[in-house]
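**Student:** mmCIF, C-alpha atoms, saved as coords19.cif, coming up:
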```cif
data_data
#
loop_
_atom_site.label_atom_id
_atom_site.label_comp_id
_atom_site.auth_asym_id
_atom_site.auth_seq_id
_atom_site.Cartn_x
_atom_site.Cartn_y
_atom_site.Cartn_z
CA MET J 1 19.02 -66.08 -126.53
CA PHE J 2 20.55 -66.15 -123.07
CA HIS J 3 19.33 -66.23 -119.50
CA LEU J 4 20.52 -66.64 -115.95
CA LEU J 5 19.91 -70.01 -114.35
CA GLU J 6 17.38 -70.11 -111.51
CA ARG J 7 20.19 -71.46 -109.33
CA TYR J 8 23.82 -70.46 -109.78
CA THR J 9 27.02 -69.84 -107.83
CA THR J 10 29.56 -67.04 -108.16
CA GLU J 11 32.85 -66.37 -106.38
CA SER J 12 35.29 -63.59 -105.67
CA VAL J 13 38.71 -63.32 -104.04
CA THR J 14 40.54 -60.74 -101.96
CA ALA J 15 43.40 -58.56 -103.14
CA GLY J 16 45.72 -60.93 -101.26
CA HIS J 17 44.78 -64.00 -103.28
CA PRO J 18 47.92 -65.18 -105.17
CA ASP J 19 46.36 -64.71 -108.62
CA LYS J 20 45.13 -61.25 -107.71
CA VAL J 21 48.52 -60.29 -106.31
CA CYS J 22 49.90 -61.06 -109.75
CA ASP J 23 47.13 -59.11 -111.50
CA GLN J 24 47.83 -56.06 -109.35
CA ILE J 25 51.57 -56.24 -109.94
CA SER J 26 51.07 -56.49 -113.71
CA ASP J 27 48.65 -53.55 -113.72
CA ALA J 28 50.90 -51.48 -111.45
CA ILE J 29 53.68 -51.89 -114.00
CA LEU J 30 51.26 -50.88 -116.77
CA ASP J 31 50.21 -47.77 -114.81
CA ALA J 32 53.83 -46.80 -114.16
CA CYS J 33 54.56 -46.95 -117.88
CA LEU J 34 51.43 -45.01 -118.86
CA ALA J 35 52.11 -42.33 -116.24
CA GLN J 36 55.31 -41.39 -118.05
CA ASP J 37 54.40 -42.39 -121.60
CA PRO J 38 50.67 -42.61 -122.50
CA ARG J 39 51.61 -44.39 -125.74
CA SER J 40 53.26 -47.27 -123.90
CA ARG J 41 52.62 -50.78 -125.15
CA VAL J 42 52.59 -53.23 -122.28
CA ALA J 43 51.92 -56.94 -122.02
CA VAL J 44 53.27 -58.04 -118.64
CA GLU J 45 52.72 -61.31 -116.81
CA SER J 46 53.55 -62.13 -113.19
CA PHE J 47 54.03 -65.57 -111.70
CA GLY J 48 54.52 -66.09 -107.99
CA SER J 49 55.36 -69.31 -106.19
CA HIS J 50 56.86 -70.08 -102.78
CA GLY J 51 59.02 -67.03 -102.18
CA THR J 52 59.75 -66.22 -105.82
CA LEU J 53 58.08 -63.86 -108.29
CA MET J 54 58.89 -63.92 -112.00
CA LEU J 55 58.03 -60.97 -114.24
CA GLY J 56 57.74 -61.59 -117.97
CA GLY J 57 56.25 -60.16 -121.14
CA GLU J 58 56.95 -57.28 -123.47
CA VAL J 59 56.90 -53.48 -123.37
CA LYS J 60 57.43 -50.66 -125.83
CA THR J 61 57.80 -47.43 -123.87
CA SER J 62 59.97 -44.39 -123.24
CA ALA J 63 59.19 -44.66 -119.53
CA LYS J 64 61.96 -45.45 -117.08
CA VAL J 65 60.47 -48.00 -114.74
CA ASP J 66 61.98 -50.19 -112.03
CA PHE J 67 59.82 -53.27 -112.48
CA LYS J 68 61.18 -55.09 -109.44
CA LYS J 69 60.66 -52.11 -107.15
CA ILE J 70 57.03 -51.74 -108.26
CA ALA J 71 56.34 -55.44 -107.73
CA GLN J 72 57.87 -55.39 -104.25
CA LYS J 73 55.82 -52.32 -103.27
CA VAL J 74 52.53 -53.88 -104.41
CA TYR J 75 53.33 -57.04 -102.49
CA ARG J 76 54.08 -55.13 -99.29
CA ASP J 77 51.10 -52.77 -99.68
CA ILE J 78 48.76 -55.76 -99.91
CA GLY J 79 50.03 -56.84 -96.53
CA TYR J 80 52.61 -59.59 -97.09
CA THR J 81 55.83 -59.35 -95.10
CA ASP J 82 57.70 -62.50 -96.12
CA LYS J 83 60.83 -62.38 -98.27
CA LEU J 84 60.15 -62.29 -102.02
CA THR J 85 62.86 -62.94 -104.62
CA ILE J 86 61.96 -61.20 -107.89
CA LEU J 87 63.22 -62.26 -111.33
CA ASN J 88 62.66 -59.89 -114.26
CA THR J 89 62.53 -61.14 -117.86
CA ILE J 90 60.43 -58.34 -119.41
CA ALA J 91 61.61 -57.64 -122.97
CA LYS J 92 60.85 -55.24 -125.84
CA GLN J 93 57.66 -55.74 -127.86
CA SER J 94 57.93 -57.84 -131.02
CA PRO J 95 58.23 -55.67 -134.15
CA ASP J 96 55.79 -58.05 -135.87
CA ILE J 97 53.06 -57.04 -133.41
CA ALA J 98 54.01 -53.36 -133.47
CA MET J 99 53.75 -53.26 -137.28
CA GLY J 100 49.96 -53.73 -137.20
CA VAL J 101 49.21 -51.85 -134.02
CA ASP J 102 51.13 -48.74 -135.11
CA THR J 103 48.55 -48.21 -137.87
CA GLY J 104 45.65 -48.38 -135.43
CA GLY J 105 44.93 -52.07 -135.76
CA ALA J 106 43.92 -54.46 -133.01
CA GLY J 107 46.73 -55.73 -130.80
CA ASP J 108 45.42 -59.27 -131.02
CA GLN J 109 42.73 -61.41 -132.54
CA GLY J 110 39.89 -62.76 -130.44
CA ILE J 111 36.31 -62.43 -129.21
CA MET J 112 35.10 -60.16 -126.41
CA TYR J 113 31.75 -59.96 -124.61
CA GLY J 114 29.93 -57.39 -122.51
CA TYR J 115 26.80 -57.81 -120.42
CA ALA J 116 24.40 -55.73 -118.37
CA THR J 117 21.17 -56.43 -116.52
CA ASN J 118 18.62 -54.27 -114.73
CA GLU J 119 18.42 -56.63 -111.73
CA THR J 120 20.86 -54.57 -109.59
CA LYS J 121 21.92 -50.94 -109.47
CA GLU J 122 25.38 -52.03 -110.62
CA MET J 123 23.69 -53.58 -113.67
CA LEU J 124 25.38 -56.89 -112.88
CA PRO J 125 23.93 -60.25 -111.77
CA LEU J 126 23.09 -60.28 -108.06
CA GLY J 127 25.52 -63.10 -107.27
CA VAL J 128 28.43 -61.25 -108.87
CA VAL J 129 27.68 -58.11 -106.86
CA LEU J 130 27.34 -59.97 -103.56
CA ALA J 131 30.46 -62.13 -103.98
CA ASN J 132 32.56 -59.05 -104.78
CA ASN J 133 31.02 -57.05 -101.93
CA LEU J 134 31.82 -59.84 -99.48
CA ALA J 135 35.43 -59.98 -100.67
CA ARG J 136 35.80 -56.19 -100.48
CA ARG J 137 34.40 -56.11 -96.96
CA LEU J 138 36.63 -59.00 -95.86
CA GLU J 139 39.63 -56.97 -97.00
CA LYS J 140 38.31 -53.84 -95.29
CA LEU J 141 37.85 -55.69 -92.00
CA ARG J 142 41.52 -56.66 -92.17
CA ARG J 143 42.87 -53.26 -93.19
CA ASP J 144 40.75 -51.40 -90.63
CA LYS J 145 41.98 -53.90 -87.99
CA LYS J 146 38.40 -54.67 -87.04
CA LEU J 147 39.34 -58.36 -86.95
CA THR J 148 43.04 -58.43 -86.12
CA TRP J 149 43.48 -62.14 -86.85
CA LEU J 150 42.63 -61.74 -90.55
CA LYS J 151 45.44 -62.24 -93.09
CA PRO J 152 45.56 -61.11 -96.74
CA ASP J 153 44.45 -64.24 -98.64
CA GLY J 154 40.77 -65.03 -98.95
CA LYS J 155 37.84 -66.15 -101.11
CA THR J 156 34.09 -65.60 -101.02
CA GLN J 157 31.22 -67.36 -102.75
CA VAL J 158 27.43 -67.16 -102.90
CA THR J 159 24.78 -69.49 -104.29
CA ILE J 160 21.59 -67.86 -105.55
CA SER J 161 18.27 -69.64 -106.02
CA LYS J 162 15.31 -67.79 -107.53
CA GLY J 163 16.86 -64.44 -106.69
CA LYS J 164 17.74 -65.23 -103.06
CA VAL J 165 20.99 -66.26 -101.40
CA ILE J 166 20.80 -69.82 -100.07
CA THR J 167 24.51 -70.46 -99.36
CA ALA J 168 27.36 -68.07 -98.56
CA LEU J 169 30.99 -69.11 -98.13
CA CYS J 170 34.15 -67.44 -96.94
CA SER J 171 37.58 -69.00 -96.82
CA THR J 172 39.98 -66.59 -95.15
CA GLN J 173 43.60 -66.77 -94.12
CA HIS J 174 43.95 -66.21 -90.38
CA ASP J 175 46.32 -66.12 -87.43
CA LYS J 176 47.01 -69.56 -86.01
CA LYS J 177 45.95 -68.50 -82.49
CA VAL J 178 42.29 -67.86 -83.32
CA SER J 179 39.72 -70.66 -83.15
CA GLN J 180 37.43 -71.55 -86.05
CA GLU J 181 34.44 -70.97 -83.78
CA GLU J 182 35.60 -67.39 -83.20
CA ILE J 183 36.25 -66.86 -86.90
CA ARG J 184 32.78 -68.10 -87.80
CA ALA J 185 30.99 -66.03 -85.17
CA GLN J 186 32.84 -62.82 -86.01
CA LEU J 187 32.41 -63.24 -89.79
CA ILE J 188 28.69 -63.83 -89.42
CA LYS J 189 28.48 -60.61 -87.38
CA HIS J 190 30.88 -58.38 -89.29
CA LEU J 191 30.93 -59.80 -92.83
CA PHE J 192 27.90 -61.83 -93.84
CA THR J 193 25.15 -59.92 -92.00
CA PRO J 194 26.19 -56.41 -93.16
CA ILE J 195 26.28 -57.56 -96.80
CA LEU J 196 23.47 -60.14 -96.92
CA GLY J 197 21.14 -58.95 -94.15
CA ASP J 198 19.29 -61.63 -92.17
CA VAL J 199 21.31 -64.83 -92.61
CA SER J 200 19.07 -67.12 -90.55
CA ASP J 201 17.85 -68.91 -93.70
CA ILE J 202 21.27 -68.95 -95.40
CA GLU J 203 23.75 -71.81 -95.11
CA ILE J 204 26.98 -70.18 -93.92
CA LEU J 205 30.26 -71.95 -94.67
CA VAL J 206 33.52 -70.69 -93.14
CA ASN J 207 36.93 -72.24 -93.85
CA PRO J 208 35.48 -75.62 -94.89
CA THR J 209 38.89 -77.35 -94.75
CA GLY J 210 39.13 -76.64 -91.01
CA GLN J 211 41.83 -73.94 -91.07
CA PHE J 212 43.56 -71.50 -93.43
CA ILE J 213 46.83 -70.38 -91.81
CA LEU J 214 49.19 -70.45 -94.77
CA GLY J 215 48.22 -68.18 -97.67
CA GLY J 216 49.56 -66.19 -100.60
CA PHE J 217 52.64 -67.44 -102.42
CA THR J 218 53.62 -69.42 -99.32
CA ALA J 219 50.71 -71.81 -99.82
CA ASP J 220 49.93 -71.55 -103.51
CA ALA J 221 51.13 -70.26 -106.85
CA GLY J 222 49.69 -67.15 -108.45
CA LEU J 223 49.46 -66.11 -112.09
CA THR J 224 48.25 -63.04 -113.94
CA GLY J 225 44.95 -63.57 -115.74
CA ARG J 226 43.76 -66.67 -113.91
CA LYS J 227 40.63 -65.08 -112.43
CA ILE J 228 38.83 -63.93 -115.58
CA MET J 229 35.39 -64.94 -114.31
CA VAL J 230 35.89 -63.04 -111.06
CA ASP J 231 36.96 -60.10 -113.23
CA THR J 232 33.79 -60.17 -115.34
CA TYR J 233 30.39 -61.84 -114.97
CA GLY J 234 31.01 -64.78 -112.67
CA GLY J 235 30.83 -67.37 -115.44
CA LEU J 236 27.17 -66.54 -116.08
CA MET J 237 27.84 -64.99 -119.49
CA PRO J 238 30.20 -66.00 -122.32
CA HIS J 239 33.85 -65.02 -122.08
CA GLY J 240 36.19 -64.81 -125.04
CA GLY J 241 39.06 -66.15 -122.96
CA GLY J 242 41.35 -63.14 -122.88
CA ALA J 243 42.50 -61.77 -119.52
CA PHE J 244 42.74 -58.04 -118.76
CA SER J 245 45.53 -57.26 -116.32
CA GLY J 246 48.98 -56.27 -117.52
CA LYS J 247 47.73 -55.27 -120.98
CA ASP J 248 47.55 -51.76 -122.42
CA ALA J 249 44.44 -50.73 -124.32
CA THR J 250 45.74 -51.60 -127.79
CA LYS J 251 45.16 -55.17 -126.62
CA VAL J 252 41.48 -55.59 -127.45
CA ASP J 253 41.23 -58.43 -124.92
CA ARG J 254 40.93 -55.60 -122.44
CA SER J 255 39.75 -52.46 -124.23
CA ALA J 256 37.07 -54.13 -126.35
CA ALA J 257 35.72 -56.04 -123.34
CA TYR J 258 35.42 -52.70 -121.56
CA MET J 259 33.70 -51.25 -124.63
CA CYS J 260 31.27 -54.16 -124.80
CA ARG J 261 30.36 -53.60 -121.15
CA PHE J 262 29.95 -49.86 -121.82
CA VAL J 263 27.62 -50.55 -124.73
CA ALA J 264 25.62 -53.26 -122.96
CA LYS J 265 25.12 -51.05 -119.90
CA ASN J 266 23.91 -48.18 -122.03
CA LEU J 267 21.51 -50.38 -123.97
CA VAL J 268 19.91 -51.28 -120.63
CA ALA J 269 20.13 -47.77 -119.18
CA ASN J 270 18.46 -46.32 -122.27
CA GLY J 271 15.60 -48.81 -122.20
CA TYR J 272 16.52 -50.90 -125.23
CA ALA J 273 16.79 -54.07 -123.14
CA LYS J 274 16.37 -55.41 -119.61
CA LYS J 275 19.39 -57.61 -120.21
CA ALA J 276 21.86 -57.05 -123.04
CA LEU J 277 24.75 -59.08 -124.41
CA VAL J 278 27.27 -57.48 -126.78
CA SER J 279 30.00 -59.31 -128.67
CA VAL J 280 32.82 -58.15 -130.92
CA ALA J 281 35.70 -59.93 -132.69
CA TYR J 282 38.99 -58.74 -134.19
CA ALA J 283 41.84 -59.79 -136.43
CA ILE J 284 45.30 -58.79 -135.22
CA GLY J 285 46.54 -55.68 -137.03
CA ARG J 286 43.17 -54.94 -138.63
CA VAL J 287 41.39 -51.72 -137.67
CA GLU J 288 37.75 -52.67 -138.24
CA PRO J 289 36.23 -55.49 -136.17
CA VAL J 290 35.40 -58.64 -138.07
CA MET J 291 32.09 -58.92 -136.15
CA ILE J 292 29.78 -56.90 -133.91
CA GLU J 293 26.61 -58.47 -132.47
CA ALA J 294 24.14 -57.42 -129.76
CA PHE J 295 20.96 -59.06 -128.45
CA ASP J 296 18.50 -58.72 -125.61
CA ALA J 297 17.34 -61.63 -123.45
CA GLU J 298 14.40 -62.36 -125.76
CA GLY J 299 16.62 -62.63 -128.80
CA LYS J 300 15.89 -59.22 -130.32
CA ASN J 301 18.81 -58.08 -132.45
CA LEU J 302 20.20 -54.75 -131.26
CA THR J 303 23.23 -54.69 -133.54
CA ASP J 304 22.05 -51.79 -135.72
CA ILE J 305 21.56 -49.58 -132.66
CA VAL J 306 25.07 -50.45 -131.50
CA THR J 307 26.85 -49.84 -134.80
CA GLU J 308 25.03 -46.53 -135.30
CA ASN J 309 26.09 -45.18 -131.91
CA PHE J 310 29.41 -46.80 -130.99
CA ASP J 311 32.80 -47.06 -132.71
CA PHE J 312 34.67 -50.29 -131.96
CA ARG J 313 37.92 -49.43 -133.75
CA PRO J 314 40.76 -49.74 -131.19
CA ARG J 315 41.89 -46.12 -131.29
CA ALA J 316 38.28 -44.93 -131.05
CA ILE J 317 37.72 -47.08 -127.96
CA ILE J 318 40.90 -45.76 -126.32
CA LYS J 319 39.86 -42.17 -127.01
CA ARG J 320 36.24 -42.55 -125.90
CA LEU J 321 37.06 -44.35 -122.65
CA GLY J 322 40.36 -42.57 -121.93
CA LEU J 323 42.30 -45.81 -121.71
CA ASN J 324 45.80 -44.33 -122.12
CA ARG J 325 45.80 -43.16 -118.49
CA PRO J 326 47.23 -44.95 -115.42
CA ILE J 327 43.88 -46.16 -114.06
CA PHE J 328 44.28 -49.92 -114.11
CA GLN J 329 45.80 -51.16 -110.84
CA ASP J 330 42.57 -50.28 -109.06
CA THR J 331 40.64 -52.58 -111.43
CA ALA J 332 42.79 -55.62 -110.64
CA ALA J 333 40.72 -56.87 -107.68
CA TYR J 334 36.99 -57.23 -106.93
CA GLY J 335 35.82 -57.11 -110.56
CA HIS J 336 36.35 -54.69 -113.41
CA PHE J 337 32.67 -53.82 -113.79
CA GLY J 338 29.94 -52.22 -111.70
CA VAL J 339 32.29 -49.75 -109.98
CA LYS J 340 31.37 -46.06 -110.08
CA GLY J 341 33.81 -43.71 -111.73
CA ARG J 342 35.27 -46.11 -114.24
CA PRO J 343 34.80 -44.73 -117.76
CA TRP J 344 33.15 -47.86 -119.15
CA GLU J 345 30.48 -47.57 -116.42
CA LYS J 346 29.34 -44.11 -117.56
CA VAL J 347 25.76 -43.80 -118.78
CA VAL J 348 25.23 -41.75 -121.95
CA LYS J 349 22.19 -40.97 -124.03
CA ILE J 350 21.65 -43.15 -127.11
#
```
How does the structure come out when it is put into structure tokens?
**Tutor:**
Amino acid sequence: MFHLLERYTTESVTAGHPDKVCDQISDAILDACLAQDPRSRVAVESFGSHGTLMLGGEVKTSAKVDFKKIAQKVYRDIGYTDKLTILNTIAKQSPDIAMGVDTGGAGDQGIMYGYATNETKEMLPLGVVLANNLARRLEKLRRDKKLTWLKPDGKTQVTISKGKVITALCSTQHDKKVSQEEIRAQLIKHLFTPILGDVSDIEILVNPTGQFILGGFTADAGLTGRKIMVDTYGGLMPHGGGAFSGKDATKVDRSAAYMCRFVAKNLVANGYAKKALVSVAYAIGRVEPVMIEAFDAEGKNLTDIVTENFDFRPRAIIKRLGLNRPIFQDTAAYGHFGVKGRPWEKVVKI
């Protein structure tokens, strides 16, 4: 029914990438609302471009939150020091949406997918794991001041062929005084080799344009929800199209995608499949999903096992995974899946 290609490419980005800055700001606002009011309804978008950040969306909460202050703090904590003008247009949630959600219905219509594979300990495709690990380490090298010329913005990418890395790429923002030769040598030593091991047979690409001095909102625009493949399965599995960040768990774009991952991982962990794909669909305001489907890589239908053991109603998902807590800013970079401690990564007995 589905399979990974023999050759494929996946990417990741650092926390300082413009889109990820926006994701983290949106999720920081969500966390601030949930910290004071666990029943908060939040759908917040962030858009950054050339010295300006615009906050938009809707909230329904009793929390008292300074949206601009939170956004500014996230921006500074990531490592940017330039001036940022912040415009806030966040409004109250539409009563038309609240009418259905208040009764336990889904916060939106749509299709969500979850996937797991036994090929890595994270139960994710190898390329997804490696791209995210490279991006995480690149960020750590900067924060630990191991490579003092590193700046916040960056991207990583790996190409896999028959289970082995054949090409690895890093584009990283850097100080203008460092040479590309130095960048390449130091990244091979401190980034690629620790993550990939022996790189002698791997094509290593570093800053292919020739330099990467300007980054963040200075060089490019950023937008919440524009890195949905980095957030999930690297484009190797279907995606329903809905982004995660800035949305509370009544929005099934997020909560049901987490539930699908939880279910898929537990199908694999419990021996029902080596690779599992789970899909669910909702109608806005309706409690019961309009569809639940699950298959293994050979096409065996696992739907009955799923429906007997897992409840996909929105309130049930929120309760089972504890999604009314302020846990989301940490998910907004380096992938939402495969990270220990997140409730949708827990293994249970089926």
**Student:** Can you work out the spacing between atom CA of Met291 of chain J and atom CA of Met229 of chain J in Å, to one decimal?
**Tutor:**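 These two atoms are separated by 22.9 Å.
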**Student:** Could you work out an axis-aligned box for segment 175-185 of chain J, taking every atom the file lists and adding 8 Å on each side, and report centre and edge lengths in Å to one decimal, as JSON?
**Tutor:**
```
{"center_x": 39.0, "center_y": -68.8, "center_z": -85.1, "size_x": 32.0, "size_y": 21.5, "size_z": 21.3}
```
**Student:** How close does each residue of segment 106-215 of chain J get to segment 73-80 of chain J, giving the shortest atom pair and distance in Å to one decimal for every residue with an atom at most 10 Å away, counting only C-alpha atoms, sorted by chain and residue number, as a tab-separated table?
**Tutor:**
```
residue	atom	partner	partner_atom	distance
J:Glu139	CA	J:Ile78	CA	9.7
J:Arg142	CA	J:Gly79	CA	9.6
J:Arg143	CA	J:Gly79	CA	8.7
J:Lys151	CA	J:Gly79	CA	7.9
J:Pro152	CA	J:Gly79	CA	6.2
J:Asp153	CA	J:Gly79	CA	9.5
J:Gly215	CA	J:Tyr80	CA	9.7
```
**Student:** May I ask which of the residues J:Thr148, J:Gln211, J:Thr156, J:Gln109 is the closest one to Ala15 of chain J, counting all atoms listed in the file?
**Tutor:**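 Once distances to Ala15 of chain J are computed over all atoms listed in the file, the minimum belongs to J:Thr156.
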**Student:** Find the residues near Ser200 of chain J: any atom within 12 Å, counting all atoms listed in the file, skip ones fewer than 4 places away on the same chain, and give them as a PyMOL selection string.
**Tutor:** chain J and resi 165-168+188-189+192-193+196+204
**Student:** Can you list, as a list in words, every protein, DNA or RNA residue that comes within 7 Å of Thr172 of chain J when you count all atoms listed in the file, leaving out same-chain residues fewer than 2 positions away?
**Tutor:**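 In the requested format, the answer is Asp153, Gly154, Lys155, Cys170, His174, Asn207 and Phe212 of chain J.
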**Student:** My list of candidates is J:Ala135, J:Ala283, J:Ala273, J:Ile350. Which is closest to Asn309 of chain J when distances are computed with only C-alpha atoms?
**Tutor:**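 Counting only C-alpha atoms, the residue closest to Asn309 of chain J is J:Ile350.
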**Student:** I need every residue sitting at most 12 Å from the point (40.1, -41.5, -123.1) (coordinates as in the file, all atoms listed in the file considered), written as a list in words.
**Tutor:**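 The distance filter leaves exactly Pro38, Ala249, Ser255, Met259, Pro314, Arg315, Ala316, Ile317, Ile318, Lys319, Arg320, Leu321, Gly322, Leu323, Asn324, Arg325, Pro326, Ile327, Arg342, Pro343 and Trp344 of chain J.
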**Student:** Please, could you write that set of residues out with C-alpha atoms as a PDB file, in the coordinates of the input?
**Tutor:**
```
ATOM      1  CA  PRO J  38      50.670 -42.610-122.500  1.00  0.00           C
ATOM      2  CA  ALA J 249      44.440 -50.730-124.320  1.00  0.00           C
ATOM      3  CA  SER J 255      39.750 -52.460-124.230  1.00  0.00           C
ATOM      4  CA  MET J 259      33.700 -51.250-124.630  1.00  0.00           C
ATOM      5  CA  PRO J 314      40.760 -49.740-131.190  1.00  0.00           C
ATOM      6  CA  ARG J 315      41.890 -46.120-131.290  1.00  0.00           C
ATOM      7  CA  ALA J 316      38.280 -44.930-131.050  1.00  0.00           C
ATOM      8  CA  ILE J 317      37.720 -47.080-127.960  1.00  0.00           C
ATOM      9  CA  ILE J 318      40.900 -45.760-126.320  1.00  0.00           C
ATOM     10  CA  LYS J 319      39.860 -42.170-127.010  1.00  0.00           C
ATOM     11  CA  ARG J 320      36.240 -42.550-125.900  1.00  0.00           C
ATOM     12  CA  LEU J 321      37.060 -44.350-122.650  1.00  0.00           C
ATOM     13  CA  GLY J 322      40.360 -42.570-121.930  1.00  0.00           C
ATOM     14  CA  LEU J 323      42.300 -45.810-121.710  1.00  0.00           C
ATOM     15  CA  ASN J 324      45.800 -44.330-122.120  1.00  0.00           C
ATOM     16  CA  ARG J 325      45.800 -43.160-118.490  1.00  0.00           C
ATOM     17  CA  PRO J 326      47.230 -44.950-115.420  1.00  0.00           C
ATOM     18  CA  ILE J 327      43.880 -46.160-114.060  1.00  0.00           C
ATOM     19  CA  ARG J 342      35.270 -46.110-114.240  1.00  0.00           C
ATOM     20  CA  PRO J 343      34.800 -44.730-117.760  1.00  0.00           C
ATOM     21  CA  TRP J 344      33.150 -47.860-119.150  1.00  0.00           C
TER      22      TRP J 344
END
```
